[in-house]
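Enquirer: Pasting a structure here, questions to come.
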Amino acid sequence: MSETVLILGGTKEAAELAARLVREHPGWRIITSLAGRTREPAPLAGETRIGGFGGPGGLAEYLATEGITRLIDATHPFARRISANAKLAACKAGIPLEIVTRPPWQKQAGDDWIEVGSLEEARDALPAGARTLLALGSQYIAVFATRTDIHFVVRMVDPPAKPPAKPLAGPLAGPLALPGHELVIGKPGSLEDEKALLAHHAITHIVCRNSGGAASYAKIEAARETGITVVMVQR
Ligand code: NAP
């Protein structure tokens, strides 16, 4: 029987799933939905739609209009709102919801982790004078602005849209609100790349969330090998 599948994506797992479903079920319609946060997302197998649905009601309407028969939530483990919306919308539309969640990273021998439950706890766990890599999305940076006793290196995938004359409200507020921070544009790299980045900036601490998966694990390995403390925001 032919299916129309909506994958809520934005992750490597979602892209791999779309590729597999397109390959294995050439007669199915496979749609991946992206929030639109990344300026130039990599091309995906099947169809792609971009942008929010307008809450659970909008998503339920989309499911009905497009005749979706299977909804798969393959979003990032910290993307909580869309996952909650997916549950409500699938229920309302009366279609099955499948959830694809990658397991969190587990602490290994040699890891020096401070495990915390929130970004605020992560901010408070950093010692004065730490040289800290914030490996977080730009929307999670603003909370660190009060730590003027720390040197921050902020890594972002996309550069800020334009340099502001003064601090802004909105999505650019995060990194730009950090006084004296350094901005590194780029995706997580290989183990050697991550070690080089940490050494170049004389990093003593990394703050990241326990996303799990292979794509951004090299920084954790690099920290382990070079004796750097990781402040890990757990799920
Ligand atoms: P979120 O807080 O759960 O979602 C905020 C809003 O963005 C949702 O209410 C929804 O808007 C829209 N949205 C989110 N994911 C969507 C999708 N796949 N398709 C269409 N609309 C979507 O999510 P977030 O943390 O901002 O993450 C946004 C996206 O980036 C997710 O798709 C996630 O997989 C990906 N991502 C997130 C992270 C992360 O650290 N959070 C990391 C890597 C990738 P409406 O209510 O208007 O529908």
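Naming works like this for the structure tokens: A, B, ... for the chains as they're shown, residue 1 at the start of each chain, ligands 1 onward in shown order.
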May I have the residues within 10 Å of ligand 1, computed using only C-alpha atoms and all ligand atoms, as a count of residues only?
Expert: 52
Enquirer: Go through stretch 17-151 of chain A and collect every residue that DSSP, computed from the backbone, puts in strand (DSSP E); the answer should be as number ranges by chain.
Expert: A: 29-34, 47-50, 70-73, 97-99, 113-116, 131-134, 151
Enquirer: Restricting the output to N, CA and C atoms, write the selected residues as a short mmCIF file (atom, residue, chain, number, x, y, z; two decimals), in the first residue's frame.
Expert:
```cif
data_model
loop_
_atom_site.label_atom_id
_atom_site.label_comp_id
_atom_site.auth_asym_id
_atom_site.auth_seq_id
_atom_site.Cartn_x
_atom_site.Cartn_y
_atom_site.Cartn_z
N ARG A 29 5.30 8.72 -1.11
CA ARG A 29 5.63 10.15 -1.09
C ARG A 29 6.29 10.43 0.27
N ILE A 30 7.53 10.88 0.21
CA ILE A 30 8.29 11.13 1.43
C ILE A 30 8.57 12.63 1.53
N ILE A 31 8.07 13.26 2.59
CA ILE A 31 8.27 14.70 2.77
C ILE A 31 9.06 14.91 4.06
N THR A 32 10.12 15.71 3.98
CA THR A 32 10.84 16.10 5.21
C THR A 32 10.54 17.55 5.50
N SER A 33 10.20 17.81 6.74
CA SER A 33 9.91 19.19 7.16
C SER A 33 11.09 19.75 7.96
N LEU A 34 11.52 20.95 7.59
CA LEU A 34 12.59 21.64 8.31
C LEU A 34 12.03 22.93 8.91
N GLU A 47 10.76 14.96 -0.97
CA GLU A 47 10.35 16.38 -0.95
C GLU A 47 10.79 17.05 0.35
N THR A 48 10.95 18.37 0.27
CA THR A 48 11.28 19.15 1.47
C THR A 48 10.29 20.29 1.58
N ARG A 49 9.81 20.54 2.80
CA ARG A 49 9.05 21.76 3.07
C ARG A 49 9.74 22.48 4.22
N ILE A 50 9.67 23.80 4.21
CA ILE A 50 10.43 24.56 5.20
C ILE A 50 9.53 25.57 5.92
N ARG A 70 1.65 8.55 7.71
CA ARG A 70 2.59 8.24 8.80
C ARG A 70 3.36 9.49 9.15
N LEU A 71 3.43 9.79 10.43
CA LEU A 71 4.21 10.94 10.90
C LEU A 71 5.40 10.41 11.69
N ILE A 72 6.60 10.87 11.32
CA ILE A 72 7.80 10.41 12.04
C ILE A 72 8.51 11.62 12.63
N ASP A 73 8.65 11.61 13.94
CA ASP A 73 9.37 12.69 14.62
C ASP A 73 10.83 12.29 14.75
N LEU A 97 2.13 7.99 15.10
CA LEU A 97 3.35 8.79 15.26
C LEU A 97 4.48 7.86 15.66
N GLU A 98 5.57 7.93 14.92
CA GLU A 98 6.77 7.17 15.29
C GLU A 98 7.83 8.17 15.75
N ILE A 99 8.58 7.78 16.77
CA ILE A 99 9.60 8.71 17.29
C ILE A 99 10.98 8.08 17.14
N TRP A 113 33.49 15.43 33.16
CA TRP A 113 32.21 16.09 32.89
C TRP A 113 31.64 16.70 34.18
N ILE A 114 31.09 17.88 34.05
CA ILE A 114 30.22 18.42 35.10
C ILE A 114 28.82 18.32 34.51
N GLU A 115 28.00 17.46 35.07
CA GLU A 115 26.66 17.25 34.49
C GLU A 115 25.65 18.17 35.16
N VAL A 116 24.93 18.90 34.33
CA VAL A 116 23.97 19.89 34.85
C VAL A 116 22.62 19.71 34.14
N ARG A 131 38.41 29.66 29.97
CA ARG A 131 38.30 29.96 28.53
C ARG A 131 37.38 28.90 27.97
N THR A 132 36.19 29.34 27.58
CA THR A 132 35.08 28.40 27.38
C THR A 132 34.58 28.39 25.95
N LEU A 133 34.52 27.20 25.37
CA LEU A 133 33.87 27.04 24.07
C LEU A 133 32.39 26.77 24.30
N LEU A 134 31.55 27.65 23.78
CA LEU A 134 30.10 27.42 23.84
C LEU A 134 29.70 26.72 22.55
N HIS A 151 36.19 34.13 29.36
CA HIS A 151 36.39 34.39 27.93
C HIS A 151 35.62 33.32 27.15
#
```
Enquirer: Restricting the calculation to only C-alpha atoms: of A:Arg102, A:His205, A:Arg224, A:Arg23, which residue gets closest to A:Ala125?
Expert: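 Of all the options, A:His205 lies closest to A:Ala125.
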